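Source file: input_34.txt. Holds: compact mmCIF, C-alpha atoms.
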```
# COMPACT_ATOMS: atom_id res chain seq x y z
CA MET A 14 -32.86 -34.79 -33.02
CA SER A 15 -29.20 -33.85 -32.82
CA THR A 16 -30.09 -30.16 -32.94
CA ALA A 17 -32.34 -30.45 -29.87
CA HIS A 18 -29.68 -32.42 -28.07
CA THR A 19 -27.11 -29.73 -28.87
CA ALA A 20 -29.38 -26.96 -27.65
CA ALA A 21 -30.03 -28.74 -24.39
CA ALA A 22 -26.35 -29.34 -23.70
CA PRO A 23 -24.79 -26.98 -21.10
CA ALA A 24 -22.41 -24.34 -22.37
CA PRO A 25 -18.70 -25.02 -21.85
CA GLY A 26 -17.46 -23.68 -18.51
CA ALA A 27 -20.95 -23.36 -17.09
CA ALA A 28 -20.01 -25.58 -14.17
CA ALA A 29 -17.07 -23.31 -13.40
CA ARG A 30 -19.40 -20.31 -13.27
CA SER A 31 -21.88 -21.96 -10.94
CA PRO A 32 -22.58 -19.95 -7.78
CA LYS A 33 -20.47 -20.74 -4.76
CA PRO A 34 -22.06 -22.02 -1.56
CA ALA A 35 -23.44 -19.22 0.62
CA GLY A 36 -21.43 -20.30 3.63
CA ARG A 37 -18.17 -20.25 1.72
CA GLY A 38 -18.97 -16.80 0.35
CA ARG A 39 -19.52 -15.41 3.84
CA VAL A 40 -16.21 -16.85 5.04
CA ALA A 41 -14.40 -15.29 2.07
CA ALA A 42 -16.07 -11.94 2.78
CA VAL A 43 -14.76 -11.99 6.36
CA LEU A 44 -11.35 -13.61 5.93
CA GLY A 45 -10.61 -12.53 2.34
CA ARG A 46 -9.55 -14.68 -0.59
CA HIS A 47 -6.59 -16.11 1.34
CA PRO A 48 -7.67 -16.89 4.95
CA VAL A 49 -4.17 -18.04 5.84
CA GLY A 50 -3.12 -14.37 5.74
CA MET A 51 -5.57 -13.57 8.53
CA VAL A 52 -4.23 -16.48 10.53
CA LEU A 53 -0.66 -15.23 10.19
CA ALA A 54 -1.67 -11.65 11.05
CA ALA A 55 -3.80 -12.63 14.04
CA PRO A 56 -0.95 -12.69 16.64
CA TYR A 57 0.13 -9.18 15.69
CA ALA A 58 -3.49 -7.98 15.71
CA VAL A 59 -3.91 -9.40 19.22
CA PHE A 60 -0.66 -7.71 20.27
CA ILE A 61 -1.88 -4.34 18.94
CA ALA A 62 -5.24 -4.75 20.68
CA VAL A 63 -3.73 -5.72 24.04
CA VAL A 64 -0.73 -3.37 24.12
CA PHE A 65 -2.12 -0.30 22.33
CA ALA A 66 -5.86 -0.30 21.70
CA TYR A 67 -7.04 -1.40 25.15
CA PRO A 68 -4.71 0.94 27.14
CA LEU A 69 -5.70 3.88 24.91
CA GLY A 70 -9.39 3.15 25.31
CA PHE A 71 -9.00 2.74 29.07
CA ALA A 72 -7.05 6.01 29.29
CA ILE A 73 -9.82 7.84 27.44
CA TRP A 74 -12.38 6.35 29.85
CA MET A 75 -10.24 7.35 32.86
CA SER A 76 -9.91 10.93 31.61
CA PHE A 77 -13.68 11.39 31.83
CA HIS A 78 -14.07 9.90 35.31
CA ASP A 79 -12.91 10.64 38.84
CA TYR A 80 -10.47 7.77 38.82
CA PHE A 81 -8.08 6.91 41.64
CA PHE A 82 -6.08 3.90 42.72
CA ALA A 83 -7.77 1.47 45.09
CA ALA A 84 -6.90 -1.83 46.72
CA PRO A 85 -7.22 -4.88 44.47
CA GLY A 86 -10.78 -6.22 44.55
CA ALA A 87 -12.20 -3.11 46.22
CA VAL A 88 -15.46 -1.81 44.78
CA VAL A 89 -15.37 1.98 44.64
CA ASP A 90 -17.42 4.60 42.87
CA ARG A 91 -15.69 6.43 40.03
CA PRO A 92 -18.26 8.95 38.83
CA PHE A 93 -18.33 10.57 35.41
CA VAL A 94 -16.92 14.10 35.60
CA GLY A 95 -17.08 15.16 31.96
CA LEU A 96 -14.35 17.58 30.95
CA ASP A 97 -13.24 18.48 34.49
CA ASN A 98 -9.92 16.63 34.16
CA TYR A 99 -9.19 18.38 30.86
CA ARG A 100 -9.98 21.76 32.40
CA ALA A 101 -7.60 20.98 35.26
CA VAL A 102 -4.90 19.98 32.78
CA LEU A 103 -5.26 23.09 30.64
CA ALA A 104 -5.24 25.32 33.73
CA ASP A 105 -2.05 23.74 35.12
CA PRO A 106 1.02 25.91 34.35
CA ALA A 107 3.36 22.92 34.63
CA VAL A 108 1.42 21.01 31.98
CA ARG A 109 1.34 23.99 29.61
CA GLN A 110 5.06 24.47 30.13
CA SER A 111 5.74 20.80 29.38
CA PHE A 112 3.89 21.02 26.06
CA GLY A 113 5.89 24.14 25.21
CA ASN A 114 9.10 22.30 26.12
CA ILE A 115 8.27 19.38 23.85
CA GLY A 116 7.48 21.85 21.08
CA ILE A 117 10.99 23.29 21.40
CA PHE A 118 12.39 19.78 21.44
CA LEU A 119 10.57 18.76 18.25
CA VAL A 120 11.54 21.95 16.41
CA ILE A 121 15.21 21.15 17.07
CA ASN A 122 15.19 17.37 17.01
CA VAL A 123 13.04 16.44 14.00
CA PRO A 124 14.68 18.66 11.33
CA LEU A 125 18.17 17.92 12.66
CA THR A 126 17.49 14.18 12.71
CA THR A 127 16.05 14.19 9.19
CA VAL A 128 18.84 16.25 7.61
CA LEU A 129 21.75 14.49 9.34
CA ALA A 130 20.31 11.02 8.74
CA LEU A 131 19.87 11.69 5.02
CA LEU A 132 23.31 13.27 4.55
CA LEU A 133 25.10 10.53 6.48
CA ALA A 134 23.14 7.82 4.67
CA VAL A 135 24.16 9.28 1.32
CA ALA A 136 27.79 9.44 2.46
CA LEU A 137 27.74 5.88 3.81
CA ASN A 138 26.12 4.65 0.61
CA ARG A 139 29.12 5.96 -1.35
CA VAL A 140 31.76 4.56 1.02
CA VAL A 141 33.65 1.56 -0.33
CA HIS A 142 35.99 0.64 2.53
CA ALA A 143 34.90 0.05 6.17
CA ARG A 144 31.23 0.44 5.23
CA THR A 145 30.03 -2.19 7.71
CA PHE A 146 32.14 -0.77 10.52
CA LEU A 147 30.76 2.74 9.98
CA ARG A 148 27.17 1.53 9.87
CA VAL A 149 27.62 -0.40 13.11
CA ALA A 150 29.36 2.59 14.72
CA PHE A 151 26.37 4.83 14.00
CA TYR A 152 23.88 2.18 15.13
CA VAL A 153 25.54 1.27 18.45
CA PRO A 154 24.24 4.34 20.39
CA TYR A 155 20.67 3.47 19.34
CA VAL A 156 20.80 -0.02 20.84
CA THR A 157 22.70 1.11 23.95
CA ALA A 158 20.61 1.76 27.04
CA SER A 159 20.01 5.45 27.77
CA VAL A 160 21.09 4.94 31.38
CA ALA A 161 24.54 3.93 30.14
CA VAL A 162 25.13 6.76 27.67
CA VAL A 163 23.59 9.44 29.90
CA GLY A 164 26.64 9.15 32.14
CA VAL A 165 28.85 10.14 29.22
CA TRP A 166 26.78 13.24 28.49
CA LEU A 167 26.74 14.22 32.15
CA PHE A 168 30.54 14.02 32.08
CA LEU A 169 30.62 16.18 28.96
CA PHE A 170 28.10 18.88 29.91
CA ASN A 171 28.47 19.25 33.67
CA ALA A 172 29.68 22.56 35.04
CA ASP A 173 33.21 21.13 35.28
CA GLY A 174 32.78 18.79 32.31
CA LEU A 175 34.88 18.36 29.22
CA VAL A 176 32.85 20.77 27.03
CA ASN A 177 33.16 23.64 29.50
CA SER A 178 36.87 22.90 29.94
CA VAL A 179 37.36 23.25 26.19
CA LEU A 180 35.23 26.40 25.92
CA GLY A 181 36.86 28.05 28.91
CA PRO A 182 35.50 31.61 29.35
CA LEU A 183 32.93 31.00 26.58
CA ALA A 184 31.16 28.32 28.65
CA PRO A 185 27.59 29.25 29.60
CA ASP A 186 26.80 30.23 33.16
CA PRO A 187 24.78 28.51 34.57
CA SER A 188 25.99 25.40 32.81
CA TRP A 189 24.19 23.49 30.06
CA LEU A 190 21.93 21.10 31.95
CA VAL A 191 21.02 23.57 34.72
CA ASN A 192 20.39 26.43 32.31
CA ALA A 193 16.68 27.02 31.63
CA GLY A 194 17.36 28.12 28.07
CA LEU A 195 19.87 25.38 27.15
CA ALA A 196 18.66 22.25 28.95
CA MET A 197 16.03 21.23 26.37
CA PRO A 198 18.25 21.97 23.32
CA VAL A 199 21.02 19.83 24.85
CA ILE A 200 18.52 17.01 25.40
CA ALA A 201 17.32 17.37 21.80
CA VAL A 202 20.89 17.05 20.49
CA PHE A 203 21.47 14.04 22.76
CA VAL A 204 18.40 12.27 21.35
CA VAL A 205 19.51 13.09 17.80
CA TRP A 206 22.90 11.51 18.48
CA LYS A 207 21.40 8.44 20.15
CA GLN A 208 18.70 7.64 17.58
CA LEU A 209 20.49 8.73 14.42
CA GLY A 210 21.71 5.23 13.54
CA PHE A 211 18.18 3.87 13.22
CA PHE A 212 17.08 6.60 10.81
CA ILE A 213 20.30 6.25 8.79
CA LEU A 214 19.38 2.59 8.18
CA LEU A 215 15.92 3.64 6.97
CA TYR A 216 17.47 6.03 4.45
CA LEU A 217 20.08 3.47 3.39
CA ALA A 218 17.30 1.01 2.60
CA ALA A 219 15.52 3.67 0.54
CA LEU A 220 18.70 4.62 -1.33
CA GLN A 221 19.16 1.03 -2.50
CA ASN A 222 15.97 1.41 -4.57
CA VAL A 223 17.04 4.57 -6.40
CA PRO A 224 17.95 3.64 -10.02
CA LYS A 225 21.55 4.48 -10.82
CA GLU A 226 20.45 5.50 -14.31
CA LEU A 227 18.90 8.63 -12.84
CA TYR A 228 22.26 9.75 -11.46
CA GLU A 229 23.98 8.88 -14.73
CA SER A 230 21.44 10.90 -16.72
CA ALA A 231 21.83 13.85 -14.37
CA SER A 232 25.62 13.67 -14.71
CA VAL A 233 25.35 13.61 -18.51
CA ASP A 234 23.20 16.74 -18.32
CA GLY A 235 25.98 18.44 -16.37
CA ALA A 236 24.40 18.30 -12.90
CA GLY A 237 26.83 18.61 -10.01
CA TRP A 238 26.71 16.80 -6.66
CA TRP A 239 24.31 19.26 -5.07
CA ARG A 240 21.99 19.29 -8.08
CA ARG A 241 21.91 15.48 -8.21
CA PHE A 242 21.22 15.35 -4.48
CA ARG A 243 18.41 17.90 -4.69
CA SER A 244 16.80 16.71 -7.92
CA VAL A 245 17.30 12.94 -7.71
CA THR A 246 18.04 11.78 -4.17
CA VAL A 247 15.61 13.92 -2.20
CA PRO A 248 12.53 13.17 -4.38
CA ALA A 249 13.44 9.47 -4.59
CA VAL A 250 13.57 9.00 -0.80
CA ARG A 251 10.51 11.14 -0.06
CA PRO A 252 8.48 8.19 1.33
CA ALA A 253 11.37 7.40 3.67
CA THR A 254 11.53 11.05 4.69
CA ALA A 255 7.84 11.00 5.61
CA LEU A 256 8.45 7.88 7.71
CA VAL A 257 11.50 9.41 9.42
CA VAL A 258 9.64 12.63 10.27
CA ILE A 259 6.62 10.77 11.66
CA LEU A 260 8.73 8.36 13.73
CA ALA A 261 10.95 11.15 15.05
CA THR A 262 7.84 13.12 16.03
CA ILE A 263 6.25 10.17 17.82
CA THR A 264 9.41 9.18 19.70
CA GLY A 265 10.15 12.81 20.57
CA ALA A 266 6.67 13.40 21.92
CA ASN A 267 7.15 10.38 24.22
CA LEU A 268 10.33 11.85 25.71
CA PHE A 269 10.82 10.71 29.31
CA THR A 270 14.10 8.97 30.10
CA GLU A 271 16.43 11.72 28.92
CA PRO A 272 15.05 14.68 30.94
CA TYR A 273 14.43 12.39 33.91
CA LEU A 274 18.09 11.32 34.00
CA LEU A 275 19.95 14.30 32.56
CA THR A 276 18.20 17.08 34.48
CA GLY A 277 17.02 15.27 37.59
CA GLY A 278 13.33 15.16 36.70
CA GLY A 279 12.70 18.09 34.36
CA GLY A 280 14.78 20.87 35.89
CA PRO A 281 15.66 23.61 36.17
CA ASN A 282 12.20 24.74 37.30
CA GLY A 283 10.45 22.49 34.79
CA ALA A 284 12.34 23.89 31.79
CA SER A 285 13.07 20.39 30.48
CA ALA A 286 9.95 18.58 31.69
CA SER A 287 8.03 16.69 29.00
CA PRO A 288 4.31 15.81 29.01
CA VAL A 289 5.13 12.15 29.65
CA LEU A 290 7.30 13.13 32.61
CA VAL A 291 4.48 15.29 33.99
CA MET A 292 2.11 12.35 33.45
CA TYR A 293 4.38 10.21 35.60
CA GLN A 294 4.54 12.87 38.29
CA ARG A 295 0.78 13.41 38.36
CA GLY A 296 -0.30 9.81 37.95
CA ILE A 297 2.26 7.88 40.00
CA GLN A 298 3.88 10.30 42.40
CA GLN A 299 0.79 12.42 43.17
CA GLY A 300 -1.90 9.74 42.73
CA GLN A 301 -3.96 11.51 40.05
CA PRO A 302 -4.23 8.94 37.23
CA ASP A 303 -7.33 10.61 35.79
CA VAL A 304 -5.44 13.88 35.25
CA ALA A 305 -2.47 11.94 33.84
CA ALA A 306 -4.82 10.16 31.43
CA ALA A 307 -6.18 13.50 30.22
CA ILE A 308 -2.62 14.69 29.54
CA GLY A 309 -1.97 11.50 27.59
CA VAL A 310 -5.10 11.88 25.46
CA LEU A 311 -4.19 15.48 24.60
CA LEU A 312 -0.67 14.35 23.73
CA VAL A 313 -1.97 11.62 21.40
CA ILE A 314 -4.25 14.10 19.64
CA GLY A 315 -1.41 16.59 19.25
CA VAL A 316 0.98 13.96 17.84
CA LEU A 317 -1.64 12.73 15.38
CA LEU A 318 -2.29 16.25 14.13
CA ILE A 319 1.41 17.09 13.79
CA SER A 320 2.13 13.81 12.00
CA LEU A 321 -0.78 14.35 9.61
CA VAL A 322 0.37 17.88 8.78
CA ASN A 323 3.96 16.72 8.28
CA ARG A 324 2.86 13.93 5.96
CA ARG A 325 0.67 16.23 3.89
CA LEU A 326 3.45 18.78 3.54
CA ILE A 327 6.08 16.21 2.55
CA GLU A 328 3.83 14.42 0.06
CA ARG A 329 2.66 17.70 -1.47
CA ASP A 330 6.22 18.86 -2.04
```

Output the file's structure as structure tokens, nothing else.
Amino acid sequence: MSTAHTAAAPAPGAAARSPKPAGRGRVAAVLGRHPVGMVLAAPYAVFIAVVFAYPLGFAIWMSFHDYFFAAPGAVVDRPFVGLDNYRAVLADPAVRQSFGNIGIFLVINVPLTTVLALLLAVALNRVVHARTFLRVAFYVPYVTASVAVVGVWLFLFNADGLVNSVLGPLAPDPSWLVNAGLAMPVIAVFVVWKQLGFFILLYLAALQNVPKELYESASVDGAGWWRRFRSVTVPAVRPATALVVILATITGANLFTEPYLLTGGGGPNGASASPVLVMYQRGIQQGQPDVAAAIGVLLVIGVLLISLVNRRLIERD
């Protein structure tokens, strides 16, 4: 009698292993094990969708149609034109020149930003006195409006500016910002100086996570400063380096304010024009938003490819 009763009794923990309600399982499949996380992330997801995803999708749609500005509420026909806008973009010498200009900019700006930011971050990380003051001093140009600091650079690099006064007969002729070969390099150096503080902070955050025991072990093995920097610091901050390179590439590809203000809209003869500046000229000034959208789509594809290659190279090393 007791044996039968024992056999019929449910195993311990059977109730805990009972199947969950189907409705609850579907909710968990959609929202995850902690739905509150989705609730907290929802505002940012909406922000991404409204500010980035929708404009990008609309730009792609525009690039394949004969799109033009019309009065609000007007019903107009915007036919599908296939790749015509992309053919017009690729055949435009000004557009091709702008992509070449931004290539020169990135070749100068990205390596210089990465190297200087890492070296200065390492130096600031070792400073004992006035550390906060130095960090703020490097960060101030980043948070200062470009319109304000552009005036300083115009004063420095004008034909009768301070730099030419110091160089004297060695000053270039024509001067820096009106010289087709020097305008874009000067802009690249300006952007390095302005944004360097932000990337220094990224490296400083990464350096805080490097174990000091690694440096101590390297010192015991007889490694000098350069060997410790190359064998300990550089590998330890490699994720931060990948982030710095990608962010510098993205911000550099979106260059607009600096050539617009420093060279009066991409001069001389388009030598400092960027794709975003040409987009503004085509889309706003000339009323060709479909062509401007095609330039933007090509720019996004190019930035994605460059960022992917940079990330693969950095992670492989």

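Around the point (-20.4, 11.7, 31.5), within 8 Å and counting only C-alpha atoms, we find these residues: A:Phe77, A:His78, A:Phe93, A:Val94, A:Gly95.
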
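Distance annotation: of A:Ala158, A:Val316, A:Leu215, A:Arg148, the residue with the minimal separation from Ala136 in chain A is A:Arg148; atom set is all atoms listed in the file.
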
Enter the distance from CA of Ser285 in chain A to CA of Phe118 in chain A, in Å, rounded to one decimal.
-> 9.1 Å

Extract, using only C-alpha atoms, all DNA, RNA and protein residues at most 9 Å from Val204 in chain A, discarding same-chain residues fewer than 5 positions from it, and format them as a short mmCIF file (atom, residue, chain, number, x, y, z; two decimals) with C-alpha atoms, in the frame of the given file.
```
data_model
loop_
_atom_site.label_atom_id
_atom_site.label_comp_id
_atom_site.auth_asym_id
_atom_site.auth_seq_id
_atom_site.Cartn_x
_atom_site.Cartn_y
_atom_site.Cartn_z
CA ASN A 122 15.19 17.37 17.01
CA THR A 126 17.49 14.18 12.71
CA VAL A 199 21.02 19.83 24.85
CA LEU A 209 20.49 8.73 14.42
CA GLY A 265 10.15 12.81 20.57
CA GLU A 271 16.43 11.72 28.92
#
```

Nearest residue to Leu132 in chain A from the set A:Leu217, A:Leu275, A:Val149, A:Leu96 (distances using all atoms listed in the file) |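 The answer is A:Leu217, which sits nearest to Leu132 in chain A.
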
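Considering only C-alpha atoms, the residue among A:Val162, A:Ser76, A:Ile200, A:Ser188 positioned nearest to Gly174 in chain A is A:Ser188.
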
Within 8 Å of range 251-256 of chain A using all atoms listed in the file, minus same-chain residues under 6 positions, as a PyMOL selection string = chain A and resi 127+215-216+219+323-324+327-328

Please list as a PDB file with C-alpha atoms, in the coordinates of the input every residue within 12 Å of Asp97 in chain A, counting only C-alpha atoms and excluding residues in the same chain fewer than 6 positions away.
```
ATOM      1  CA  MET A  75     -10.240   7.350  32.860  1.00  0.00           C
ATOM      2  CA  SER A  76      -9.910  10.930  31.610  1.00  0.00           C
ATOM      3  CA  PHE A  77     -13.680  11.390  31.830  1.00  0.00           C
ATOM      4  CA  HIS A  78     -14.070   9.900  35.310  1.00  0.00           C
ATOM      5  CA  ASP A  79     -12.910  10.640  38.840  1.00  0.00           C
ATOM      6  CA  TYR A  80     -10.470   7.770  38.820  1.00  0.00           C
ATOM      7  CA  LEU A 103      -5.260  23.090  30.640  1.00  0.00           C
ATOM      8  CA  ALA A 104      -5.240  25.320  33.730  1.00  0.00           C
ATOM      9  CA  ASP A 303      -7.330  10.610  35.790  1.00  0.00           C
ATOM     10  CA  VAL A 304      -5.440  13.880  35.250  1.00  0.00           C
ATOM     11  CA  ALA A 307      -6.180  13.500  30.220  1.00  0.00           C
TER      12      ALA A 307
END
```

Write out as a PyMOL selection string the residues lying within 10 Å of Gly164 in chain A, counting only C-alpha atoms and excluding same-chain residues fewer than 4 positions away.
-> chain A and resi 159-160+168-169+274-275

Export of the given selection (C-alpha atoms) as a CSV table (one decimal), keeping the file's coordinate frame:
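Result went into part_13.csv, see below:
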```
chain,number,residue,atom,x,y,z
A,159,SER,CA,20.0,5.4,27.8
A,160,VAL,CA,21.1,4.9,31.4
A,168,PHE,CA,30.5,14.0,32.1
A,169,LEU,CA,30.6,16.2,29.0
A,274,LEU,CA,18.1,11.3,34.0
A,275,LEU,CA,20.0,14.3,32.6
```

CA of Pro187 in chain A sits from CA of Ala172 in chain A at a separation of 7.7 Å

Mind giving me the straight-line distance from CA of Gly278 in chain A to CA of Phe65 in chain A in Å, one decimal?
->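 CA of Phe65 in chain A lies 26.2 Å from CA of Gly278 in chain A.
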
Within 9 Å of Asn138 in chain A, counting all atoms listed in the file, which residues show up once you throw out same-chain ones fewer than 4 positions away? Write them as a list in words, please.
-> Leu133, Ala134, Arg144, Leu217, Leu220 and Gln221 of chain A

With all atoms listed in the file as the basis for distance, which of A:Gly50, A:Ala236, A:Phe71, A:Phe81 is at the shortest distance from Gln299 in chain A?
->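 Ranked by minimum distance to Gln299 in chain A, first place goes to A:Phe81.
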
Only all heavy atoms needed: put range 243-253 of chain A from the block into a file as a PDB file, in the first residue's frame.
```
ATOM      1  N   ARG A 243      55.544  49.484 -26.917  1.00  0.00           N
ATOM      2  CA  ARG A 243      55.210  48.685 -28.087  1.00  0.00           C
ATOM      3  C   ARG A 243      54.639  47.315 -27.724  1.00  0.00           C
ATOM      4  O   ARG A 243      53.723  46.829 -28.393  1.00  0.00           O
ATOM      5  CB  ARG A 243      56.460  48.506 -28.942  1.00  0.00           C
ATOM      6  CG  ARG A 243      56.202  47.846 -30.293  1.00  0.00           C
ATOM      7  CD  ARG A 243      57.496  47.662 -31.053  1.00  0.00           C
ATOM      8  NE  ARG A 243      58.405  46.747 -30.352  1.00  0.00           N
ATOM      9  CZ  ARG A 243      59.610  46.428 -30.801  1.00  0.00           C
ATOM     10  NH1 ARG A 243      60.063  46.965 -31.922  1.00  0.00           N
ATOM     11  NH2 ARG A 243      60.371  45.592 -30.126  1.00  0.00           N
ATOM     12  N   SER A 244      55.151  46.715 -26.658  1.00  0.00           N
ATOM     13  CA  SER A 244      54.762  45.341 -26.332  1.00  0.00           C
ATOM     14  C   SER A 244      53.636  45.249 -25.309  1.00  0.00           C
ATOM     15  O   SER A 244      52.988  44.199 -25.218  1.00  0.00           O
ATOM     16  CB  SER A 244      55.983  44.566 -25.799  1.00  0.00           C
ATOM     17  OG  SER A 244      57.023  44.551 -26.748  1.00  0.00           O
ATOM     18  N   VAL A 245      53.400  46.306 -24.534  1.00  0.00           N
ATOM     19  CA  VAL A 245      52.364  46.258 -23.510  1.00  0.00           C
ATOM     20  C   VAL A 245      51.234  47.234 -23.820  1.00  0.00           C
ATOM     21  O   VAL A 245      50.068  46.842 -23.905  1.00  0.00           O
ATOM     22  CB  VAL A 245      52.957  46.561 -22.118  1.00  0.00           C
ATOM     23  CG1 VAL A 245      51.851  46.553 -21.060  1.00  0.00           C
ATOM     24  CG2 VAL A 245      54.028  45.542 -21.761  1.00  0.00           C
ATOM     25  N   THR A 246      51.590  48.509 -24.005  1.00  0.00           N
ATOM     26  CA  THR A 246      50.549  49.528 -24.156  1.00  0.00           C
ATOM     27  C   THR A 246      49.760  49.359 -25.447  1.00  0.00           C
ATOM     28  O   THR A 246      48.522  49.333 -25.426  1.00  0.00           O
ATOM     29  CB  THR A 246      51.179  50.934 -24.113  1.00  0.00           C
ATOM     30  OG1 THR A 246      51.914  51.086 -22.906  1.00  0.00           O
ATOM     31  CG2 THR A 246      50.097  51.995 -24.202  1.00  0.00           C
ATOM     32  N   VAL A 247      50.459  49.250 -26.563  1.00  0.00           N
ATOM     33  CA  VAL A 247      49.772  49.183 -27.855  1.00  0.00           C
ATOM     34  C   VAL A 247      48.835  47.978 -27.940  1.00  0.00           C
ATOM     35  O   VAL A 247      47.664  48.120 -28.336  1.00  0.00           O
ATOM     36  CB  VAL A 247      50.794  49.195 -29.006  1.00  0.00           C
ATOM     37  CG1 VAL A 247      50.096  48.948 -30.339  1.00  0.00           C
ATOM     38  CG2 VAL A 247      51.535  50.528 -29.038  1.00  0.00           C
ATOM     39  N   PRO A 248      49.277  46.758 -27.595  1.00  0.00           N
ATOM     40  CA  PRO A 248      48.314  45.631 -27.642  1.00  0.00           C
ATOM     41  C   PRO A 248      47.165  45.780 -26.650  1.00  0.00           C
ATOM     42  O   PRO A 248      46.044  45.370 -26.932  1.00  0.00           O
ATOM     43  CB  PRO A 248      49.189  44.412 -27.295  1.00  0.00           C
ATOM     44  CG  PRO A 248      50.574  44.831 -27.590  1.00  0.00           C
ATOM     45  CD  PRO A 248      50.642  46.291 -27.285  1.00  0.00           C
ATOM     46  N   ALA A 249      47.436  46.377 -25.481  1.00  0.00           N
ATOM     47  CA  ALA A 249      46.393  46.479 -24.465  1.00  0.00           C
ATOM     48  C   ALA A 249      45.275  47.440 -24.869  1.00  0.00           C
ATOM     49  O   ALA A 249      44.121  47.245 -24.465  1.00  0.00           O
ATOM     50  CB  ALA A 249      47.003  46.918 -23.136  1.00  0.00           C
ATOM     51  N   VAL A 250      45.600  48.473 -25.636  1.00  0.00           N
ATOM     52  CA  VAL A 250      44.586  49.463 -26.026  1.00  0.00           C
ATOM     53  C   VAL A 250      44.109  49.240 -27.465  1.00  0.00           C
ATOM     54  O   VAL A 250      43.558  50.158 -28.074  1.00  0.00           O
ATOM     55  CB  VAL A 250      45.131  50.896 -25.864  1.00  0.00           C
ATOM     56  CG1 VAL A 250      45.497  51.166 -24.425  1.00  0.00           C
ATOM     57  CG2 VAL A 250      46.332  51.139 -26.774  1.00  0.00           C
ATOM     58  N   ARG A 251      44.329  48.034 -27.989  1.00  0.00           N
ATOM     59  CA  ARG A 251      43.934  47.783 -29.379  1.00  0.00           C
ATOM     60  C   ARG A 251      42.437  47.975 -29.614  1.00  0.00           C
ATOM     61  O   ARG A 251      42.051  48.548 -30.638  1.00  0.00           O
ATOM     62  CB  ARG A 251      44.357  46.371 -29.779  1.00  0.00           C
ATOM     63  CG  ARG A 251      44.116  46.054 -31.248  1.00  0.00           C
ATOM     64  CD  ARG A 251      44.810  44.768 -31.628  1.00  0.00           C
ATOM     65  NE  ARG A 251      46.252  44.920 -31.534  1.00  0.00           N
ATOM     66  CZ  ARG A 251      47.099  43.888 -31.516  1.00  0.00           C
ATOM     67  NH1 ARG A 251      46.647  42.655 -31.535  1.00  0.00           N
ATOM     68  NH2 ARG A 251      48.395  44.100 -31.454  1.00  0.00           N
ATOM     69  N   PRO A 252      41.541  47.538 -28.723  1.00  0.00           N
ATOM     70  CA  PRO A 252      40.116  47.843 -28.946  1.00  0.00           C
ATOM     71  C   PRO A 252      39.832  49.338 -29.021  1.00  0.00           C
ATOM     72  O   PRO A 252      39.019  49.786 -29.845  1.00  0.00           O
ATOM     73  CB  PRO A 252      39.429  47.196 -27.737  1.00  0.00           C
ATOM     74  CG  PRO A 252      40.359  46.121 -27.304  1.00  0.00           C
ATOM     75  CD  PRO A 252      41.729  46.666 -27.548  1.00  0.00           C
ATOM     76  N   ALA A 253      40.509  50.111 -28.161  1.00  0.00           N
ATOM     77  CA  ALA A 253      40.328  51.564 -28.220  1.00  0.00           C
ATOM     78  C   ALA A 253      40.879  52.131 -29.523  1.00  0.00           C
ATOM     79  O   ALA A 253      40.306  53.071 -30.094  1.00  0.00           O
ATOM     80  CB  ALA A 253      41.013  52.232 -27.023  1.00  0.00           C
TER      81      ALA A 253
END
```
